[in-house]
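The structure appears below as structure tokens.
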Amino acid sequence: MKDPYHILVASLRGGKLPLPAAVESERWYVVTALLDGYEATCGADIIKDDCASVFPAVARAGRLDVVERFIRLGVPVDSVAPGCDPPLIAALENARDDVAFALVKAGASTDAKFDTIDCGVGGQWQGIAAVGDKLFCAPYSASSPVLVIDANTNSVNKISCGKVGCAEYLWCGIAALGETLYCAPY
């Protein structure tokens, strides 16, 4: 394992900037060491461009520690590298919810549109699966019905699951296989 100094020298010899080279190779200990060195010798303003250029890759990799550091350094959370999505989109596309939350909390913008659909009382469902143009939500307890959302009309229907009683934690998640739905037991 090479130390950060040797990676820095090798990346400069190869014509690459050290921070992007370290992120590209996913050597996160090197990224941290480079950030420490930059901050100690150059100040945060000098490295913002380097950080901005790799922000989407860091978010995509799910490196919450590095994302939080970039945010503390004042790197714009909506930084876009050529050919890349903004960090928030990169995090969401790769199921990095903790990173996405940190980015939104820091002010990342998104063009995403969120619709809400009134389905009555909340907290009755856990998990969602699609079959065709309908979304099915697994009931959380025996007294809850399956929630069915029509994606075309935003209408809501409920299907009794045939269970009676007041057992909680009955199902936790739902999956579709073809046109058949399966709820995972809790």
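Residue numbering restarts at 1 for every chain of the structure tokens, chains are lettered A, B, ... in their displayed order, and ligands are numbered from 1 as they appear.
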Mind dumping a table of every region 106-151 of chain A residue within 7 Å of region 168-181 of chain A, with the nearest atom pair and its distance in Å to one decimal, using only C-alpha atoms, sorted by chain and rising number, as a tab-separated table?
residue	atom	partner	partner_atom	distance
A:Gln126	CA	A:Gly173	CA	5.6
A:Gly127	CA	A:Gly173	CA	4.1
A:Ile128	CA	A:Ile174	CA	5.8
A:Ala129	CA	A:Ala175	CA	5.5
A:Ala130	CA	A:Ala176	CA	6.8
A:Val131	CA	A:Glu179	CA	5.9
A:Ala138	CA	A:Ile174	CA	5.6
A:Pro139	CA	A:Trp171	CA	6.4
A:Tyr140	CA	A:Trp171	CA	5.4
A:Ser141	CA	A:Glu168	CA	4.6
A:Ala142	CA	A:Leu170	CA	6.2
Go ahead and save the residues from that selection, with C-alpha atoms, as a CSV table (one decimal), in the first residue's frame.
chain,number,residue,atom,x,y,z
A,126,GLN,CA,-44.3,-0.7,4.9
A,127,GLY,CA,-42.8,-1.4,1.4
A,128,ILE,CA,-44.0,-0.7,-2.1
A,129,ALA,CA,-43.9,-2.7,-5.4
A,130,ALA,CA,-45.1,-2.0,-8.9
A,131,VAL,CA,-47.2,-4.2,-11.1
A,138,ALA,CA,-47.7,-3.9,2.0
A,139,PRO,CA,-49.9,-3.7,5.2
A,140,TYR,CA,-47.9,-3.2,8.3
A,141,SER,CA,-50.4,-5.0,10.6
A,142,ALA,CA,-53.2,-7.5,10.3
Strand (DSSP E or B) residues, from DSSP on the backbone, in region 45-147 of chain A, as a PyMOL selection string
chain A and resi 125-131+134-139+146-147
Since we have the selection now, will you write its residues out, keeping C-alpha atoms, as a PDB file, in the first residue's frame?
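Printed below is result10.pdb as written:
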ATOM      1  CA  TRP A 125     -47.869   0.330   5.255  1.00  0.00           C
ATOM      2  CA  GLN A 126     -44.269  -0.692   4.866  1.00  0.00           C
ATOM      3  CA  GLY A 127     -42.792  -1.351   1.430  1.00  0.00           C
ATOM      4  CA  ILE A 128     -44.018  -0.711  -2.094  1.00  0.00           C
ATOM      5  CA  ALA A 129     -43.928  -2.679  -5.357  1.00  0.00           C
ATOM      6  CA  ALA A 130     -45.147  -1.954  -8.883  1.00  0.00           C
ATOM      7  CA  VAL A 131     -47.206  -4.176 -11.146  1.00  0.00           C
ATOM      8  CA  LYS A 134     -50.260   0.299 -10.085  1.00  0.00           C
ATOM      9  CA  LEU A 135     -48.261   0.538  -6.872  1.00  0.00           C
ATOM     10  CA  PHE A 136     -49.014  -1.843  -4.030  1.00  0.00           C
ATOM     11  CA  CYS A 137     -48.068  -1.086  -0.431  1.00  0.00           C
ATOM     12  CA  ALA A 138     -47.652  -3.930   2.048  1.00  0.00           C
ATOM     13  CA  PRO A 139     -49.851  -3.721   5.151  1.00  0.00           C
ATOM     14  CA  VAL A 146     -53.106  -3.499   1.061  1.00  0.00           C
ATOM     15  CA  LEU A 147     -52.907   0.030  -0.354  1.00  0.00           C
TER      16      LEU A 147
END
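Residues in contact with Asp150 (chain A) at up to 8 Å, not including ones fewer than 2 positions away on its chain and judged by only C-alpha atoms, are A:Asp133, A:Lys134, A:Leu135, A:Val148, A:Asn152, A:Thr153, A:Asn154, A:Ser155, A:Val156.
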May I have the selected residues written with C-alpha atoms, as a PDB file, in the first residue's frame?
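Final file, part-v3.pdb:
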ATOM      1  CA  ASP A 133     -49.200   1.076 -13.635  1.00  0.00           C
ATOM      2  CA  LYS A 134     -50.260   0.299 -10.085  1.00  0.00           C
ATOM      3  CA  LEU A 135     -48.261   0.538  -6.872  1.00  0.00           C
ATOM      4  CA  VAL A 148     -53.217   0.275  -4.158  1.00  0.00           C
ATOM      5  CA  ASN A 152     -51.977   7.235 -13.935  1.00  0.00           C
ATOM      6  CA  THR A 153     -54.817   8.766 -11.954  1.00  0.00           C
ATOM      7  CA  ASN A 154     -53.265   9.125  -8.485  1.00  0.00           C
ATOM      8  CA  SER A 155     -56.347   7.386  -7.115  1.00  0.00           C
ATOM      9  CA  VAL A 156     -56.140   5.151  -4.064  1.00  0.00           C
TER      10      VAL A 156
END
Can you tell me how far CA of Ala184 (chain A) sits from CA of Ala91 (chain A), in Å to one decimal?
26.9 Å
Using only C-alpha atoms, pick whichever of A:Ile89, A:Ile159, A:Val30, A:Val67 has the shortest atom-to-atom distance to Cys51 (chain A).
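Of the candidates, the smallest distance to Cys51 (chain A) is held by A:Val67.
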Pick out the closest residue to Val104 (chain A) from this set: A:Val75, A:Glu24, A:Asp36, A:Leu88. Count only C-alpha atoms.
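Ranking A:Val75, A:Glu24, A:Asp36, A:Leu88 by distance to Val104 (chain A), first place goes to A:Leu88.
Ranking A:Gly107, A:Gly62, A:Gly120, A:Pro56 by their shortest atom-to-atom distance to Pro86 (chain A), with only C-alpha atoms included, puts A:Pro56 first.
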Distance of CA of Pro18 (chain A) from CA of Ala33 (chain A), expressed in Å to one decimal place
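About the pair CA of Ala33 (chain A) and CA of Pro18 (chain A): they are 10.9 Å apart.
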Neighbour list for Ile71 (chain A) as a VMD selection string, cut-off 10 Å, only C-alpha atoms, skip fewer than 2 positions in-chain
chain A and resid 51 55 66 to 69 73 to 77 102 to 103 106 to 107
Would you save the residues of that selection, restricted to N, CA and C atoms, as a tab-separated table (two decimals), in the first residue's frame?
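In the end it all went to out-v3.tsv:
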chain	number	residue	atom	x	y	z
A	51	CYS	N	-12.33	19.74	-5.39
A	51	CYS	CA	-13.40	19.02	-4.70
A	51	CYS	C	-14.68	19.03	-5.54
A	55	PHE	N	-17.01	15.82	-6.67
A	55	PHE	CA	-18.14	15.70	-5.75
A	55	PHE	C	-19.14	14.63	-6.19
A	66	VAL	N	-16.54	11.98	3.46
A	66	VAL	CA	-15.91	12.92	2.53
A	66	VAL	C	-16.92	13.98	2.09
A	67	VAL	N	-18.17	13.58	1.86
A	67	VAL	CA	-19.22	14.53	1.48
A	67	VAL	C	-19.37	15.59	2.58
A	68	GLU	N	-19.44	15.14	3.82
A	68	GLU	CA	-19.57	16.09	4.94
A	68	GLU	C	-18.37	17.02	5.03
A	69	ARG	N	-17.21	16.50	4.72
A	69	ARG	CA	-16.00	17.33	4.73
A	69	ARG	C	-16.07	18.38	3.63
A	73	LEU	N	-16.06	22.45	3.99
A	73	LEU	CA	-15.10	23.28	3.27
A	73	LEU	C	-15.79	24.34	2.40
A	74	GLY	N	-17.10	24.22	2.25
A	74	GLY	CA	-17.83	25.20	1.44
A	74	GLY	C	-17.88	24.87	-0.04
A	75	VAL	N	-17.63	23.61	-0.39
A	75	VAL	CA	-17.73	23.20	-1.80
A	75	VAL	C	-19.21	23.23	-2.17
A	76	PRO	N	-19.57	23.85	-3.29
A	76	PRO	CA	-20.98	23.92	-3.68
A	76	PRO	C	-21.60	22.52	-3.81
A	77	VAL	N	-22.73	22.31	-3.13
A	77	VAL	CA	-23.35	20.98	-3.13
A	77	VAL	C	-24.00	20.63	-4.46
A	102	ALA	N	-27.69	14.31	3.62
A	102	ALA	CA	-26.70	15.34	3.98
A	102	ALA	C	-26.65	16.44	2.92
A	103	LEU	N	-26.75	16.05	1.65
A	103	LEU	CA	-26.71	17.04	0.56
A	103	LEU	C	-27.95	17.93	0.58
A	106	ALA	N	-27.79	20.35	3.32
A	106	ALA	CA	-26.82	21.42	3.04
A	106	ALA	C	-27.30	22.35	1.92
A	107	GLY	N	-28.49	22.08	1.35
A	107	GLY	CA	-29.05	23.00	0.37
A	107	GLY	C	-28.99	22.56	-1.07
Report the distance between CA of Arg96 (chain A) and CA of Ala108 (chain A) in Å, rounded to one decimal place.
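CA of Arg96 (chain A) sits 14.6 Å away from CA of Ala108 (chain A).
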Picked from region 56-173 of chain A by DSSP as helix (DSSP H, G or I), as a compact mmCIF listing (two decimals) with all heavy atoms, in the first residue's frame:
# COMPACT_ATOMS: atom_id res chain seq x y z
N PRO A 56 -19.56 14.59 -7.48
CA PRO A 56 -20.51 13.54 -7.88
C PRO A 56 -19.97 12.12 -7.66
O PRO A 56 -20.70 11.24 -7.22
CB PRO A 56 -20.74 13.82 -9.38
CG PRO A 56 -20.45 15.27 -9.53
CD PRO A 56 -19.32 15.55 -8.57
N ALA A 57 -18.69 11.90 -7.94
CA ALA A 57 -18.10 10.57 -7.77
C ALA A 57 -18.06 10.18 -6.30
O ALA A 57 -18.30 9.03 -5.94
CB ALA A 57 -16.70 10.53 -8.37
N VAL A 58 -17.79 11.15 -5.44
CA VAL A 58 -17.75 10.89 -4.00
C VAL A 58 -19.15 10.54 -3.50
O VAL A 58 -19.34 9.60 -2.74
CB VAL A 58 -17.17 12.11 -3.25
CG1 VAL A 58 -17.35 11.97 -1.75
CG2 VAL A 58 -15.70 12.31 -3.60
N ALA A 59 -20.17 11.29 -3.98
CA ALA A 59 -21.56 11.02 -3.58
C ALA A 59 -22.00 9.66 -4.09
O ALA A 59 -22.65 8.89 -3.37
CB ALA A 59 -22.48 12.12 -4.11
N ARG A 60 -21.64 9.34 -5.34
CA ARG A 60 -22.01 8.06 -5.93
C ARG A 60 -21.40 6.90 -5.13
O ARG A 60 -22.02 5.86 -4.95
CB ARG A 60 -21.54 7.99 -7.38
CG ARG A 60 -21.97 6.75 -8.14
CD ARG A 60 -21.55 6.78 -9.60
NE ARG A 60 -21.98 7.98 -10.29
CZ ARG A 60 -21.17 9.01 -10.60
NH1 ARG A 60 -19.88 8.95 -10.32
NH2 ARG A 60 -21.63 10.07 -11.22
N ALA A 61 -20.20 7.09 -4.64
CA ALA A 61 -19.52 6.04 -3.87
C ALA A 61 -20.08 5.92 -2.45
O ALA A 61 -19.77 4.98 -1.74
CB ALA A 61 -18.02 6.32 -3.81
N LEU A 64 -20.00 9.29 2.92
CA LEU A 64 -20.60 10.33 3.74
C LEU A 64 -19.55 11.17 4.44
O LEU A 64 -19.67 12.40 4.51
CB LEU A 64 -21.57 9.72 4.75
CG LEU A 64 -22.29 10.71 5.67
CD1 LEU A 64 -23.14 11.68 4.85
CD2 LEU A 64 -23.14 9.97 6.68
N ASP A 65 -18.49 10.54 4.93
CA ASP A 65 -17.44 11.29 5.62
C ASP A 65 -16.80 12.34 4.72
O ASP A 65 -16.58 13.49 5.13
CB ASP A 65 -16.37 10.35 6.18
CG ASP A 65 -15.73 9.45 5.12
OD1 ASP A 65 -16.39 9.14 4.10
OD2 ASP A 65 -14.56 9.05 5.31
N VAL A 66 -16.54 11.98 3.46
CA VAL A 66 -15.91 12.92 2.53
C VAL A 66 -16.92 13.98 2.09
O VAL A 66 -16.59 15.16 1.99
CB VAL A 66 -15.29 12.19 1.32
CG1 VAL A 66 -14.65 13.17 0.35
CG2 VAL A 66 -14.25 11.17 1.79
N VAL A 67 -18.17 13.58 1.86
CA VAL A 67 -19.22 14.53 1.48
C VAL A 67 -19.37 15.59 2.58
O VAL A 67 -19.42 16.79 2.30
CB VAL A 67 -20.55 13.81 1.21
CG1 VAL A 67 -21.72 14.79 1.16
CG2 VAL A 67 -20.47 13.02 -0.09
N GLU A 68 -19.44 15.14 3.82
CA GLU A 68 -19.57 16.09 4.94
C GLU A 68 -18.37 17.02 5.03
O GLU A 68 -18.50 18.20 5.34
CB GLU A 68 -19.78 15.34 6.25
CG GLU A 68 -21.15 14.70 6.34
CD GLU A 68 -21.36 13.84 7.57
OE1 GLU A 68 -20.36 13.33 8.14
OE2 GLU A 68 -22.54 13.66 7.95
N ARG A 69 -17.21 16.50 4.72
CA ARG A 69 -16.00 17.33 4.73
C ARG A 69 -16.07 18.38 3.63
O ARG A 69 -15.75 19.54 3.83
CB ARG A 69 -14.77 16.44 4.55
CG ARG A 69 -13.47 17.18 4.63
CD ARG A 69 -12.68 16.67 5.81
NE ARG A 69 -11.44 17.37 5.92
CZ ARG A 69 -10.26 16.77 6.00
NH1 ARG A 69 -10.17 15.47 5.99
NH2 ARG A 69 -9.17 17.48 6.13
N PHE A 70 -16.49 17.98 2.42
CA PHE A 70 -16.64 18.93 1.32
C PHE A 70 -17.62 20.03 1.71
O PHE A 70 -17.39 21.21 1.43
CB PHE A 70 -17.15 18.22 0.06
CG PHE A 70 -16.09 17.45 -0.70
CD1 PHE A 70 -14.82 17.23 -0.21
CD2 PHE A 70 -16.40 16.93 -1.94
CE1 PHE A 70 -13.87 16.52 -0.92
CE2 PHE A 70 -15.46 16.21 -2.67
CZ PHE A 70 -14.19 16.01 -2.15
N ILE A 71 -18.72 19.64 2.35
CA ILE A 71 -19.73 20.62 2.77
C ILE A 71 -19.12 21.59 3.77
O ILE A 71 -19.30 22.81 3.65
CB ILE A 71 -20.97 19.91 3.35
CG1 ILE A 71 -21.72 19.17 2.23
CG2 ILE A 71 -21.89 20.89 4.06
CD1 ILE A 71 -22.78 18.19 2.72
N ARG A 72 -18.37 21.09 4.74
CA ARG A 72 -17.71 21.97 5.72
C ARG A 72 -16.72 22.91 5.05
O ARG A 72 -16.53 24.05 5.48
CB ARG A 72 -16.99 21.14 6.78
CG ARG A 72 -17.88 20.62 7.87
CD ARG A 72 -17.11 20.11 9.08
NE ARG A 72 -16.05 19.16 8.78
CZ ARG A 72 -16.22 17.86 8.62
NH1 ARG A 72 -17.41 17.33 8.72
NH2 ARG A 72 -15.19 17.07 8.36
N LEU A 73 -16.06 22.45 3.99
CA LEU A 73 -15.10 23.28 3.27
C LEU A 73 -15.79 24.34 2.40
O LEU A 73 -15.12 25.21 1.85
CB LEU A 73 -14.20 22.42 2.38
CG LEU A 73 -13.19 21.53 3.10
CD1 LEU A 73 -12.55 20.56 2.11
CD2 LEU A 73 -12.14 22.38 3.78
N PRO A 87 -24.23 15.84 -7.46
CA PRO A 87 -24.02 14.88 -6.37
C PRO A 87 -25.32 14.27 -5.83
O PRO A 87 -25.36 13.08 -5.54
CB PRO A 87 -23.32 15.72 -5.29
CG PRO A 87 -22.62 16.79 -6.06
CD PRO A 87 -23.51 17.10 -7.23
N LEU A 88 -26.38 15.08 -5.69
CA LEU A 88 -27.62 14.55 -5.14
C LEU A 88 -28.19 13.45 -6.03
O LEU A 88 -28.59 12.38 -5.55
CB LEU A 88 -28.65 15.67 -4.96
CG LEU A 88 -30.01 15.24 -4.41
CD1 LEU A 88 -29.86 14.55 -3.06
CD2 LEU A 88 -30.95 16.43 -4.31
N ILE A 89 -28.23 13.67 -7.32
CA ILE A 89 -28.75 12.66 -8.24
C ILE A 89 -27.86 11.42 -8.21
O ILE A 89 -28.34 10.29 -8.19
CB ILE A 89 -28.85 13.23 -9.68
CG1 ILE A 89 -29.79 14.45 -9.71
CG2 ILE A 89 -29.31 12.16 -10.65
CD1 ILE A 89 -31.19 14.20 -9.24
N ALA A 90 -26.53 11.63 -8.19
CA ALA A 90 -25.60 10.49 -8.13
C ALA A 90 -25.84 9.66 -6.88
O ALA A 90 -25.82 8.43 -6.93
CB ALA A 90 -24.16 11.00 -8.18
N ALA A 91 -26.07 10.32 -5.75
CA ALA A 91 -26.31 9.60 -4.50
C ALA A 91 -27.63 8.84 -4.56
O ALA A 91 -27.70 7.67 -4.17
CB ALA A 91 -26.31 10.58 -3.32
N LEU A 92 -28.68 9.49 -5.05
CA LEU A 92 -29.99 8.84 -5.11
C LEU A 92 -30.00 7.65 -6.07
O LEU A 92 -30.60 6.62 -5.78
CB LEU A 92 -31.07 9.85 -5.51
CG LEU A 92 -31.41 10.89 -4.45
CD1 LEU A 92 -32.32 11.96 -5.03
CD2 LEU A 92 -32.04 10.26 -3.22
N GLU A 93 -29.34 7.80 -7.21
CA GLU A 93 -29.31 6.71 -8.19
C GLU A 93 -28.56 5.50 -7.68
O GLU A 93 -28.72 4.40 -8.20
CB GLU A 93 -28.71 7.20 -9.51
CG GLU A 93 -29.65 8.08 -10.29
CD GLU A 93 -29.04 8.59 -11.58
OE1 GLU A 93 -27.82 8.43 -11.80
OE2 GLU A 93 -29.80 9.16 -12.39
N ASP A 97 -28.77 6.93 0.57
CA ASP A 97 -29.73 7.81 1.21
C ASP A 97 -29.10 8.73 2.25
O ASP A 97 -29.50 9.87 2.38
CB ASP A 97 -30.85 7.00 1.86
CG ASP A 97 -31.67 6.23 0.84
OD1 ASP A 97 -31.62 6.58 -0.36
OD2 ASP A 97 -32.37 5.28 1.23
N ASP A 98 -28.12 8.23 3.01
CA ASP A 98 -27.49 9.06 4.02
C ASP A 98 -26.74 10.23 3.37
O ASP A 98 -26.78 11.36 3.86
CB ASP A 98 -26.55 8.25 4.91
CG ASP A 98 -25.50 7.45 4.14
OD1 ASP A 98 -25.63 7.29 2.90
OD2 ASP A 98 -24.53 6.99 4.77
N VAL A 99 -26.11 9.98 2.24
CA VAL A 99 -25.41 11.03 1.51
C VAL A 99 -26.41 12.01 0.92
O VAL A 99 -26.24 13.23 1.01
CB VAL A 99 -24.50 10.44 0.41
CG1 VAL A 99 -23.93 11.52 -0.49
CG2 VAL A 99 -23.37 9.63 1.03
N ALA A 100 -27.49 11.48 0.34
CA ALA A 100 -28.53 12.35 -0.23
C ALA A 100 -29.12 13.25 0.84
O ALA A 100 -29.32 14.46 0.62
CB ALA A 100 -29.62 11.52 -0.89
N PHE A 101 -29.39 12.70 2.02
CA PHE A 101 -29.94 13.49 3.12
C PHE A 101 -28.98 14.62 3.51
O PHE A 101 -29.40 15.76 3.70
CB PHE A 101 -30.24 12.60 4.33
CG PHE A 101 -30.80 13.35 5.49
CD1 PHE A 101 -32.12 13.78 5.48
CD2 PHE A 101 -30.02 13.64 6.59
CE1 PHE A 101 -32.65 14.50 6.55
CE2 PHE A 101 -30.52 14.35 7.66
CZ PHE A 101 -31.84 14.78 7.65
N ALA A 102 -27.69 14.31 3.62
CA ALA A 102 -26.70 15.34 3.98
C ALA A 102 -26.65 16.44 2.92
O ALA A 102 -26.54 17.62 3.25
CB ALA A 102 -25.32 14.71 4.16
N LEU A 103 -26.75 16.05 1.65
CA LEU A 103 -26.71 17.04 0.56
C LEU A 103 -27.95 17.93 0.58
O LEU A 103 -27.84 19.15 0.42
CB LEU A 103 -26.57 16.34 -0.79
CG LEU A 103 -25.22 15.67 -1.04
CD1 LEU A 103 -25.30 14.71 -2.22
CD2 LEU A 103 -24.15 16.72 -1.25
N VAL A 104 -29.11 17.34 0.78
CA VAL A 104 -30.35 18.13 0.84
C VAL A 104 -30.30 19.07 2.05
O VAL A 104 -30.65 20.25 1.94
CB VAL A 104 -31.59 17.22 0.89
CG1 VAL A 104 -32.85 18.00 1.24
CG2 VAL A 104 -31.76 16.49 -0.44
N LYS A 105 -29.86 18.56 3.16
CA LYS A 105 -29.75 19.37 4.38
C LYS A 105 -28.80 20.55 4.17
O LYS A 105 -29.01 21.63 4.71
CB LYS A 105 -29.26 18.49 5.53
CG LYS A 105 -29.31 19.13 6.87
CD LYS A 105 -28.92 18.12 7.94
CE LYS A 105 -28.76 18.80 9.28
NZ LYS A 105 -28.28 17.87 10.30
